[in-house]
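Working notes for the structure below.
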Amino acid sequence: MVAAVQPRTAAATAGLAAGDRILAINGRPLRDAIDFQFYGSEDALALSVERDGARHALRLTRRPGVALGVELEPPRPGDIATCANKCVFCFIHQLPRGMRKSLYVKDDDFRLSFLHGNYITLSDLDEPSFERILEQRLSPLYISVHATDRELRWALLGRPRHSAEILPRLERLAKAGIRMHAQIVLCPGLNDGPHLERTVHELAPLHPHVATTAIVPVGLTRHRERLPSLRTLTDAEATALVDTVAVWQARFLPQLDSRFVFLGDEVYLQADRPLPPADAYEGFAIAEDGIGLVRRFEDGLARARGRERSGRARRRVTVVSGTLYGPRLARRLAELPLGGVDARVVAVPNEFFGGSVSVAGLLTGQDIQRHLAAQGDLGEVVLIPAVALRDGDGVFLDDLTPADLSRALGVAVVMVEPEPRALVRALRAG
């Protein structure tokens, strides 16, 4: 389904319009957006389009390498291949009741992995889907591995009905030249220690096709009734893990020309250890998995500092953050030349999810409102990271809006993209 057509593009010239359903390209029926991209890569296209219940034929010609100018509607929940696993650490199983239905959708869809970087287990992937990945060379893919030991992985995935053995599937994808990023959700007492070492070192021979392996700590909420007993890393375990990964990286770098294994930012923060330099993240290929986001943000913040403006009236600003990064953000902002800006960082505890959830992206409107209401004078404006809002909805996870917060707190509330220049601009605005 076409969501929008950019003006003065090949699609606009051909008469394609928002609301059109593209049924086929050059006689090939379309199943989804990937088919549209795959078959729409040619320069001369014959489109079969459904509009207002009638079929139309459109012809489209574009210059080589120039985009068609078409934006497609995102898939509906019913169009997404859902996950049949019951992973012991699944975050969706830890959500409280009463939230929007879309938040409980567990996807395990290779198309979303290719298009958006979602992690998939491959455990439910049937042979036609596997063949399609190979035929259309859907690369890169993001794979939830967690353990290479067959029995351990089967247990971690909640004992699924399908085989949980992962290495043969990764080897088949690697042989076809598919690039992959592997992920290990680390559950202390289950897949750590010797199991973690085995997993990392059984994935390494698949490099460069398995380009990276990310180790991220398990996230636990307080809503774990009737779920398996799990715990988070201790501070001592986090410190030991930082040292272990550093040894592995030093070993892999001369062998693979890559550090290959990377550790989630949370572990460095918990261990109170320095973050690796930017070049140690080798291009930040998996930053969206929390690998190097803090380093990239802080380096960008240093570059965005600019000059201090003098002669301005003082301006007080409250900056909202999660408890994990809040204290560190306060130190970074104190180092910036902000002129007359008095920036106070308030780290908001996550009472809604509880447990070990401490990142800003999972803060709810009610937790922000409750905590800020007890802080006294909030200044002229409250800055909140835009990652706390649901994409496209403009609301927090609990359906409150920034306007609701502004009315309740009696101060302007501004959402700021998690980008250094955006934050500096918002601090200096006015």
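Residues are named by chain letter and number: chains run A, B, ... in the order of the structure tokens, numbers start at 1 in each chain, and ligands are numbered from 1 in the order shown.
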
Contact check, region 224-288 of chain A to region 351-357 of chain A, at most 12 Å, counting only C-alpha atoms, closest pairs as JSON lines:
{"residue": "A:Arg224", "atom": "CA", "partner": "A:Gly355", "partner_atom": "CA", "distance": 9.4}
{"residue": "A:Leu230", "atom": "CA", "partner": "A:Gly355", "partner_atom": "CA", "distance": 11.1}
{"residue": "A:Arg231", "atom": "CA", "partner": "A:Ser356", "partner_atom": "CA", "distance": 9.2}
{"residue": "A:Thr232", "atom": "CA", "partner": "A:Ser356", "partner_atom": "CA", "distance": 7.5}
{"residue": "A:Leu233", "atom": "CA", "partner": "A:Ser356", "partner_atom": "CA", "distance": 10.0}
{"residue": "A:Thr234", "atom": "CA", "partner": "A:Ser356", "partner_atom": "CA", "distance": 11.5}
{"residue": "A:Glu266", "atom": "CA", "partner": "A:Val357", "partner_atom": "CA", "distance": 10.9}
{"residue": "A:Gln270", "atom": "CA", "partner": "A:Ser356", "partner_atom": "CA", "distance": 11.4}

Region 147-169 of chain A residues near region 195-203 of chain A within 12 Å, closest pair each, using only C-alpha atoms, as CSV:
residue,atom,partner,partner_atom,distance
A:Ala147,CA,A:Thr199,CA,5.4
A:Thr148,CA,A:Thr199,CA,5.1
A:Asp149,CA,A:Thr199,CA,7.3
A:Arg150,CA,A:Thr199,CA,10.6
A:Glu151,CA,A:His195,CA,11.4
A:Leu152,CA,A:His195,CA,8.7
A:Arg153,CA,A:Thr199,CA,10.3
A:Ile166,CA,A:Leu203,CA,10.2
A:Leu167,CA,A:Leu203,CA,8.0
A:Pro168,CA,A:Leu203,CA,11.2
A:Arg169,CA,A:Leu203,CA,11.9

Legend entry - Filtered DSSP result for region 10-78 of chain A, state helix (DSSP H, G or I), as a list in words: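 The helix (DSSP H, G or I) subset of region 10-78 of chain A is Ala10, Ala11, Ala12, Thr13, Ala14, Ala33, Ile34, Asp35, Phe36, Gln37, Phe38, Tyr39, Pro77 and Gly78 of chain A.
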
Inset, instruction - Skip Asp79 (chain A) itself and residues of its chain fewer than 4 positions away, then list as a ChimeraX atom specification all residues within 10 Å of it, counting only C-alpha atoms. - result: /A:32,74-75,109

Those residues with all heavy atoms, as a PDB file, in the first residue's frame please?
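Wrote it out as selection_35.pdb, contents follow:
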ATOM      1  N   ASP A  32       5.178  -8.311  -0.450  1.00  0.00           N
ATOM      2  CA  ASP A  32       5.487  -7.361   0.613  1.00  0.00           C
ATOM      3  C   ASP A  32       6.448  -6.309   0.079  1.00  0.00           C
ATOM      4  O   ASP A  32       6.751  -6.251  -1.117  1.00  0.00           O
ATOM      5  CB  ASP A  32       6.115  -8.084   1.819  1.00  0.00           C
ATOM      6  CG  ASP A  32       7.229  -9.039   1.403  1.00  0.00           C
ATOM      7  OD1 ASP A  32       8.013  -8.664   0.507  1.00  0.00           O
ATOM      8  OD2 ASP A  32       7.305 -10.146   1.957  1.00  0.00           O
ATOM      9  N   PRO A  74       3.706   0.949   6.575  1.00  0.00           N
ATOM     10  CA  PRO A  74       4.361  -0.103   7.370  1.00  0.00           C
ATOM     11  C   PRO A  74       3.450  -1.319   7.487  1.00  0.00           C
ATOM     12  O   PRO A  74       2.228  -1.199   7.352  1.00  0.00           O
ATOM     13  CB  PRO A  74       4.581   0.569   8.727  1.00  0.00           C
ATOM     14  CG  PRO A  74       3.535   1.635   8.800  1.00  0.00           C
ATOM     15  CD  PRO A  74       3.346   2.121   7.388  1.00  0.00           C
ATOM     16  N   PRO A  75       4.023  -2.489   7.729  1.00  0.00           N
ATOM     17  CA  PRO A  75       3.183  -3.686   7.852  1.00  0.00           C
ATOM     18  C   PRO A  75       2.265  -3.599   9.055  1.00  0.00           C
ATOM     19  O   PRO A  75       2.624  -3.049  10.101  1.00  0.00           O
ATOM     20  CB  PRO A  75       4.204  -4.817   8.002  1.00  0.00           C
ATOM     21  CG  PRO A  75       5.441  -4.158   8.521  1.00  0.00           C
ATOM     22  CD  PRO A  75       5.451  -2.789   7.922  1.00  0.00           C
ATOM     23  N   ASP A 109      10.320 -12.084  12.259  1.00  0.00           N
ATOM     24  CA  ASP A 109      10.103 -11.959  10.826  1.00  0.00           C
ATOM     25  C   ASP A 109      11.399 -11.563  10.129  1.00  0.00           C
ATOM     26  O   ASP A 109      11.943 -10.488  10.385  1.00  0.00           O
ATOM     27  CB  ASP A 109       9.020 -10.905  10.570  1.00  0.00           C
ATOM     28  CG  ASP A 109       8.431 -10.987   9.177  1.00  0.00           C
ATOM     29  OD1 ASP A 109       9.213 -11.167   8.227  1.00  0.00           O
ATOM     30  OD2 ASP A 109       7.202 -10.855   9.049  1.00  0.00           O
TER      31      ASP A 109
END

Legend entry - Residue nearest Leu383 (chain A) - candidates A:Gly69, A:Pro327, A:Pro349, A:Pro418, atoms counted: only C-alpha atoms: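 Between A:Gly69, A:Pro327, A:Pro349, A:Pro418, the residue approaching Leu383 (chain A) most closely is A:Pro418.
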
Legend entry - Selected residue, from A:Leu156, A:Ile92, A:Ala46, A:Ala18, that lies nearest to Leu72 (chain A) when counting only C-alpha atoms: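 Counting only C-alpha atoms, the residue closest to Leu72 (chain A) is A:Ala18.
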
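All residues of protein, DNA or RNA that reach within 8 Å of region 423-427 of chain A, judged by only C-alpha atoms and not counting those fewer than 2 positions away in the chain, are Leu301, Ala304, Arg305, Val317, Leu338, Val341, Ala343, Leu383, Val416, Glu417, Pro418, Glu419, Pro420, Arg421 and Ala429 of chain A.
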